[in-house]
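Trainee: The structure under discussion is supplied below as structure tokens; questions concerning it will follow.
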Amino acid sequence: MQPNEHYRDILKEHLEFRKIQNTRYSLRAFARDLEIAPSNLSEILRGKQGISPQKAIQIASTLKLNKQESEYFTNLVMAHDARSKKDRNIAQRNLEKIKIFSEKKQLQEDTFKLISDWYYYAILELITTSDFKSNHKWIAKTLGLTTLEVDEAFARLLRLKLIKKTGGQYISTGIQLDTTHGVPSLSIKKFCQQILNKAMKSITDQSVDERELSTLTVAIHSEDLPVLKKKIQEFRNEFDRLIAKKLENKKANKVYCLSMQFFNLMENKND
């Protein structure tokens, strides 16, 4: 979520995401899930009708927003739709505080929204390989993209100063940015879904010599989950350091993706 966007944009974003997951999903289905009459939801999205603070809290819960996202969403609603000027001003000040809090050097939700597709990171890594060519058609063919996708990607990467162009050649600026941990954003969900699809495709498109796919199914105690998640993060960091050490005296010639999933297989998650 980006500071000071309109709450209607958030609703539209969630609606579009659900449509991607289920092509039959509609505005009427979204209204049902939000417990709002379809005609009223239509009016809300068109800016013809507002939302009460109580309804905003209920919607935030239905959309499974985390604590910070919920506060942000409800304050957006208050800033736009609160009846008294005093309440609108209080909500606006709260939004300013949230904005200041969210301005960090690491890759934030608002920035990640610009590069939520898998190929942005792939391009950043591809630039560092020995056979890289600063040619958009070559890049598109290498990564299986359209030239339009490549054009837009490089425009954004240049604006974000993650790359620069010197003498007609793209060069990585070396800025290391990471996504915000624990944020259930639609951008991050989209990115993860794309990576999982790429992993599924590798099963049929790549030989076993080119890839490594493994699974461990195990029973755990929920109290140990934070420790286990931290262990996975430590392994990822160690893996990254190992690769960096291996490349101290040579240039990379391939772009790979390490994707790890650790999730609950039980349907009764809350029991």
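Here's how to read the names in the structure tokens: chain A, B, ... by the order shown, residue numbers from 1 in each chain, ligand numbers from 1 in the order shown.
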As a PyMOL selection string, please: the residues near region 257-267 of chain A (cut-off 10 Å, only C-alpha atoms, same-chain neighbours under 5 positions excluded).
Mentor: chain A and resi 118+121-122+192+195-196+198-199+211-220+222+225+228-229+232-233+236+239-240
Trainee: I want to know what sits within 12 Å of Arg28 (chain A), based on only C-alpha atoms, with residues of the same chain fewer than 6 positions away left out; could you give that as a ChimeraX atom specification?
Mentor: /A:15,19,34-42
Trainee: Counting only C-alpha atoms, what is within 9 Å of region 132-134 of chain A, bar same-chain residues fewer than 6 positions away, as a ChimeraX atom specification?
Mentor: /A:126,168-170,253
Trainee: Can I get the selection written as a PDB file, in the first residue's frame, with C-alpha atoms?
Mentor:
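See result25.pdb below for the written result:
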ATOM      1  CA  LEU A 126      21.140 -10.996 -15.990  1.00  0.00           C
ATOM      2  CA  GLY A 168      25.226   2.432 -24.285  1.00  0.00           C
ATOM      3  CA  GLN A 169      25.611  -0.407 -21.735  1.00  0.00           C
ATOM      4  CA  TYR A 170      23.394  -1.146 -18.765  1.00  0.00           C
ATOM      5  CA  ASN A 253      26.790 -17.128 -16.796  1.00  0.00           C
TER       6      ASN A 253
END
Trainee: Quote the spacing between CA of Ser130 (chain A) and CA of Ala244 (chain A) in Å to one decimal place.
Mentor: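 We find that CA of Ser130 (chain A) and CA of Ala244 (chain A) lie 15.0 Å from each other.
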Trainee: Could you name the residues that touch region 50-52 of chain A at 12 Å or less, counting only C-alpha atoms, but leaving out those on the same chain fewer than 2 positions away, as an MDAnalysis selection string?
Mentor: chainID A and resid 6:8 11 34 36 40:48 54:60 73:83
Trainee: Between A:Glu210, A:Asp205, A:Glu238, A:Asp87, which has the minimum distance to Tyr256 (chain A) (counting only C-alpha atoms)?
Mentor: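 Closest to Tyr256 (chain A), using only C-alpha atoms: A:Glu210.
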Trainee: As number ranges by chain, please: every residue in region 51-236 of chain A that DSSP puts in helix (DSSP H, G or I).
Mentor: A: 53-62, 67-81, 85-102, 109-115, 119-126, 136-143, 147-159, 186-205, 222-236
Trainee: State, in Å with one decimal place, the distance from CA of Glu248 (chain A) to CA of Lys230 (chain A).
Mentor: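 Value for the CA of Glu248 (chain A)-CA of Lys230 (chain A) distance: 27.4 Å.
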Trainee: Which residue gives the smallest distance to Leu162 (chain A) among A:Tyr120, A:Tyr25, A:Tyr72, A:Phe235, with only C-alpha atoms counted?
Mentor: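 Using only C-alpha atoms, Leu162 (chain A) sits closest to A:Tyr120.
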Trainee: Give me every strand (DSSP E or B) residue in region 11-239 of chain A, going by DSSP on the backbone, as a list in words.
Mentor: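 Those in region 11-239 of chain A that DSSP calls strand (DSSP E or B) are Ile163, Lys164, Lys165, Thr166, Gln169, Tyr170, Ile171 and Ser172 of chain A.
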Trainee: Kindly give the distance, in Å, that separates CA of Pro53 (chain A) and CA of Gln68 (chain A), rounded to a single decimal.
Mentor: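 Computing the Euclidean distance for CA of Pro53 (chain A) and CA of Gln68 (chain A) yields 15.9 Å.
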Trainee: Name all residues at most 12 Å from Asp151 (chain A) (count only C-alpha atoms; drop same-chain ones fewer than 2 positions away) and give them as a VMD selection string.
Mentor: chain A and resid 119 to 120 123 134 to 140 145 to 149 153 to 158
Trainee: So that I have them on file, write out the residues from the current selection with N, CA and C atoms, as a short mmCIF file (atom, residue, chain, number, x, y, z; two decimals), in the first residue's frame.
Mentor:
data_model
loop_
_atom_site.label_atom_id
_atom_site.label_comp_id
_atom_site.auth_asym_id
_atom_site.auth_seq_id
_atom_site.Cartn_x
_atom_site.Cartn_y
_atom_site.Cartn_z
N TYR A 119 10.39 -10.84 -13.42
CA TYR A 119 11.50 -10.61 -14.33
C TYR A 119 12.34 -9.38 -13.99
N TYR A 120 11.88 -8.53 -13.07
CA TYR A 120 12.71 -7.38 -12.68
C TYR A 120 13.99 -7.85 -11.98
N ILE A 123 16.23 -9.59 -14.50
CA ILE A 123 16.98 -8.64 -15.34
C ILE A 123 18.17 -8.08 -14.57
N SER A 134 23.15 -5.48 -23.93
CA SER A 134 22.21 -4.38 -23.65
C SER A 134 21.27 -4.15 -24.82
N ASN A 135 20.63 -5.22 -25.23
CA ASN A 135 19.73 -5.21 -26.36
C ASN A 135 18.38 -5.76 -25.91
N HIS A 136 17.35 -4.95 -26.00
CA HIS A 136 16.06 -5.35 -25.44
C HIS A 136 15.47 -6.59 -26.11
N LYS A 137 15.70 -6.77 -27.39
CA LYS A 137 15.19 -7.96 -28.07
C LYS A 137 15.91 -9.22 -27.56
N TRP A 138 17.23 -9.09 -27.36
CA TRP A 138 18.00 -10.24 -26.84
C TRP A 138 17.55 -10.58 -25.44
N ILE A 139 17.32 -9.58 -24.61
CA ILE A 139 16.88 -9.79 -23.23
C ILE A 139 15.50 -10.45 -23.21
N ALA A 140 14.62 -9.96 -24.08
CA ALA A 140 13.26 -10.52 -24.16
C ALA A 140 13.31 -12.00 -24.54
N LEU A 145 10.26 -12.95 -22.54
CA LEU A 145 9.39 -11.80 -22.32
C LEU A 145 9.04 -11.13 -23.64
N THR A 146 8.14 -10.18 -23.60
CA THR A 146 7.87 -9.35 -24.76
C THR A 146 8.80 -8.14 -24.70
N THR A 147 9.06 -7.52 -25.85
CA THR A 147 9.94 -6.35 -25.85
C THR A 147 9.29 -5.20 -25.07
N LEU A 148 7.96 -5.14 -25.06
CA LEU A 148 7.27 -4.10 -24.30
C LEU A 148 7.53 -4.27 -22.81
N GLU A 149 7.47 -5.51 -22.33
CA GLU A 149 7.75 -5.77 -20.92
C GLU A 149 9.18 -5.36 -20.57
N ALA A 153 10.30 -2.41 -18.04
CA ALA A 153 11.14 -2.81 -16.91
C ALA A 153 12.38 -1.93 -16.79
N PHE A 154 13.05 -1.71 -17.90
CA PHE A 154 14.26 -0.89 -17.86
C PHE A 154 13.95 0.56 -17.53
N ALA A 155 12.83 1.06 -17.98
CA ALA A 155 12.44 2.43 -17.65
C ALA A 155 12.26 2.57 -16.14
N ARG A 156 11.62 1.58 -15.51
CA ARG A 156 11.40 1.63 -14.07
C ARG A 156 12.70 1.44 -13.30
N LEU A 157 13.51 0.49 -13.74
CA LEU A 157 14.78 0.23 -13.05
C LEU A 157 15.69 1.45 -13.09
N LEU A 158 15.66 2.16 -14.19
CA LEU A 158 16.45 3.39 -14.31
C LEU A 158 15.91 4.47 -13.38
#
